[in-house]
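Remarks on the structure that follows.
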Amino acid sequence: MKILIIGASAAGITAATEIRKIDKEVDIDILSDESFLPYYRPFLTTYIGDKSVENKKNFFLKDSSFYREQNINIFLNE
């Protein structure tokens, strides 16, 4: 079985995380039209204009290692 989640919002990432808890083998793909890893949208006002946003702790929902460790494929700019 393969699960496709369209949208990498907090809801999409939570869905993938909960699915992974239930089934360690199912393929999970997440599509995002953003070029960055999923982030907390309410923090945008704090970081707008800050070019070093990728280094901001707690801005992103999960770091890239989380997706690798959980075997969740995330496709950016899709």
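FYI, nothing fancy with the structure tokens labels: chains A, B, ... in order, residues from 1 per chain, ligands from 1 as they appear.
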
Can you pull out the residues contacting segment 7-10 of chain A? Cut-off 7 Å, using only C-alpha atoms, and skip same-chain residues under 4 positions away; I want them as a PyMOL selection string. chain A and resi 14+30-32+38

What are the DSSP strand (DSSP E or B) residues of chain A, as a PDB file with N, CA, C and O atoms, in the first residue's frame?
ATOM      1  N   LYS A   2       0.399   2.293  -0.628  1.00  0.00           N
ATOM      2  CA  LYS A   2       1.096   3.568  -0.653  1.00  0.00           C
ATOM      3  C   LYS A   2       0.112   4.650  -0.233  1.00  0.00           C
ATOM      4  O   LYS A   2      -1.039   4.653  -0.677  1.00  0.00           O
ATOM      5  N   ILE A   3       0.571   5.555   0.619  1.00  0.00           N
ATOM      6  CA  ILE A   3      -0.265   6.669   1.064  1.00  0.00           C
ATOM      7  C   ILE A   3       0.355   7.955   0.538  1.00  0.00           C
ATOM      8  O   ILE A   3       1.557   8.193   0.708  1.00  0.00           O
ATOM      9  N   LEU A   4      -0.474   8.772  -0.089  1.00  0.00           N
ATOM     10  CA  LEU A   4      -0.040  10.056  -0.612  1.00  0.00           C
ATOM     11  C   LEU A   4      -0.761  11.146   0.160  1.00  0.00           C
ATOM     12  O   LEU A   4      -1.992  11.183   0.204  1.00  0.00           O
ATOM     13  N   ILE A   5       0.017  12.028   0.764  1.00  0.00           N
ATOM     14  CA  ILE A   5      -0.539  13.164   1.497  1.00  0.00           C
ATOM     15  C   ILE A   5      -0.211  14.411   0.689  1.00  0.00           C
ATOM     16  O   ILE A   5       0.963  14.685   0.408  1.00  0.00           O
ATOM     17  N   ILE A   6      -1.230  15.130   0.300  1.00  0.00           N
ATOM     18  CA  ILE A   6      -1.032  16.345  -0.485  1.00  0.00           C
ATOM     19  C   ILE A   6      -1.108  17.523   0.467  1.00  0.00           C
ATOM     20  O   ILE A   6      -2.135  17.788   1.077  1.00  0.00           O
ATOM     21  N   ASP A  27       4.293   2.703   2.462  1.00  0.00           N
ATOM     22  CA  ASP A  27       4.989   3.814   1.822  1.00  0.00           C
ATOM     23  C   ASP A  27       4.194   5.095   2.061  1.00  0.00           C
ATOM     24  O   ASP A  27       2.992   5.141   1.781  1.00  0.00           O
ATOM     25  N   ILE A  28       4.871   6.124   2.543  1.00  0.00           N
ATOM     26  CA  ILE A  28       4.223   7.414   2.780  1.00  0.00           C
ATOM     27  C   ILE A  28       4.964   8.471   1.980  1.00  0.00           C
ATOM     28  O   ILE A  28       6.170   8.654   2.149  1.00  0.00           O
ATOM     29  N   ASP A  29       4.241   9.147   1.096  1.00  0.00           N
ATOM     30  CA  ASP A  29       4.773  10.262   0.324  1.00  0.00           C
ATOM     31  C   ASP A  29       3.991  11.511   0.684  1.00  0.00           C
ATOM     32  O   ASP A  29       2.759  11.478   0.796  1.00  0.00           O
ATOM     33  N   ILE A  30       4.716  12.605   0.855  1.00  0.00           N
ATOM     34  CA  ILE A  30       4.094  13.901   1.120  1.00  0.00           C
ATOM     35  C   ILE A  30       4.518  14.852   0.005  1.00  0.00           C
ATOM     36  O   ILE A  30       5.710  14.974  -0.289  1.00  0.00           O
ATOM     37  N   LEU A  31       3.544  15.524  -0.606  1.00  0.00           N
ATOM     38  CA  LEU A  31       3.828  16.515  -1.633  1.00  0.00           C
ATOM     39  C   LEU A  31       3.624  17.910  -1.065  1.00  0.00           C
ATOM     40  O   LEU A  31       2.626  18.171  -0.396  1.00  0.00           O
ATOM     41  N   TYR A  39       6.911  24.062   7.873  1.00  0.00           N
ATOM     42  CA  TYR A  39       7.227  24.986   8.963  1.00  0.00           C
ATOM     43  C   TYR A  39       5.947  25.438   9.664  1.00  0.00           C
ATOM     44  O   TYR A  39       4.842  25.239   9.171  1.00  0.00           O
ATOM     45  N   PHE A  60      10.780  24.988  11.853  1.00  0.00           N
ATOM     46  CA  PHE A  60      10.333  23.863  11.043  1.00  0.00           C
ATOM     47  C   PHE A  60       9.622  22.820  11.911  1.00  0.00           C
ATOM     48  O   PHE A  60       9.990  22.610  13.054  1.00  0.00           O
ATOM     49  N   ILE A  72       9.668   8.476   5.579  1.00  0.00           N
ATOM     50  CA  ILE A  72       8.609   9.279   4.966  1.00  0.00           C
ATOM     51  C   ILE A  72       9.254  10.089   3.860  1.00  0.00           C
ATOM     52  O   ILE A  72      10.223  10.820   4.101  1.00  0.00           O
ATOM     53  N   ASN A  73       8.747   9.934   2.651  1.00  0.00           N
ATOM     54  CA  ASN A  73       9.283  10.681   1.505  1.00  0.00           C
ATOM     55  C   ASN A  73       8.575  12.018   1.402  1.00  0.00           C
ATOM     56  O   ASN A  73       7.355  12.060   1.329  1.00  0.00           O
ATOM     57  N   ILE A  74       9.350  13.101   1.410  1.00  0.00           N
ATOM     58  CA  ILE A  74       8.758  14.418   1.261  1.00  0.00           C
ATOM     59  C   ILE A  74       9.294  15.040  -0.016  1.00  0.00           C
ATOM     60  O   ILE A  74      10.502  15.045  -0.250  1.00  0.00           O
ATOM     61  N   PHE A  75       8.392  15.461  -0.873  1.00  0.00           N
ATOM     62  CA  PHE A  75       8.740  16.039  -2.156  1.00  0.00           C
ATOM     63  C   PHE A  75       8.403  17.527  -2.129  1.00  0.00           C
ATOM     64  O   PHE A  75       7.236  17.904  -2.026  1.00  0.00           O
TER      65      PHE A  75
END

DSSP-assigned helix (DSSP H, G or I) members of segment 5-73 of chain A, reported as a ChimeraX atom specification: /A:10-22,41-47,53-55,64-69

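Counting from atom CA of Glu34 of chain A, the distance to atom CA of Ile22 of chain A is 27.5 Å.
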
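Distance check against Phe36 of chain A using only C-alpha atoms: of A:Ala15, A:Met1, A:Ile48, A:Leu61, the minimum falls on A:Leu61.
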
Give me, please, the distance in Å between atom CA of Lys21 of chain A and atom CA of Phe66 of chain A, quoted to one decimal.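 Interatomic distance here is 13.4 Å.
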
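If you count only C-alpha atoms and ignore residues fewer than 3 places along the chain from Asp33 of chain A, what sits within 6 Å of it is Leu76, Asn77 and Glu78 of chain A.
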
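Nearest-residue note for Ser65 of chain A: choosing from A:Leu44, A:Ala11, A:Leu37, A:Val26, the minimum distance belongs to A:Leu37, counting only C-alpha atoms.
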
A:Glu25, A:Glu18, A:Tyr40, A:Asn71 ranked by distance to Asn58 of chain A, top pick (using only C-alpha atoms): A:Tyr40

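With only C-alpha atoms as the basis for measurement, A:Ile13 is the residue among A:Phe43, A:Lys24, A:Ser35, A:Ile13 that approaches Lys62 of chain A most closely.
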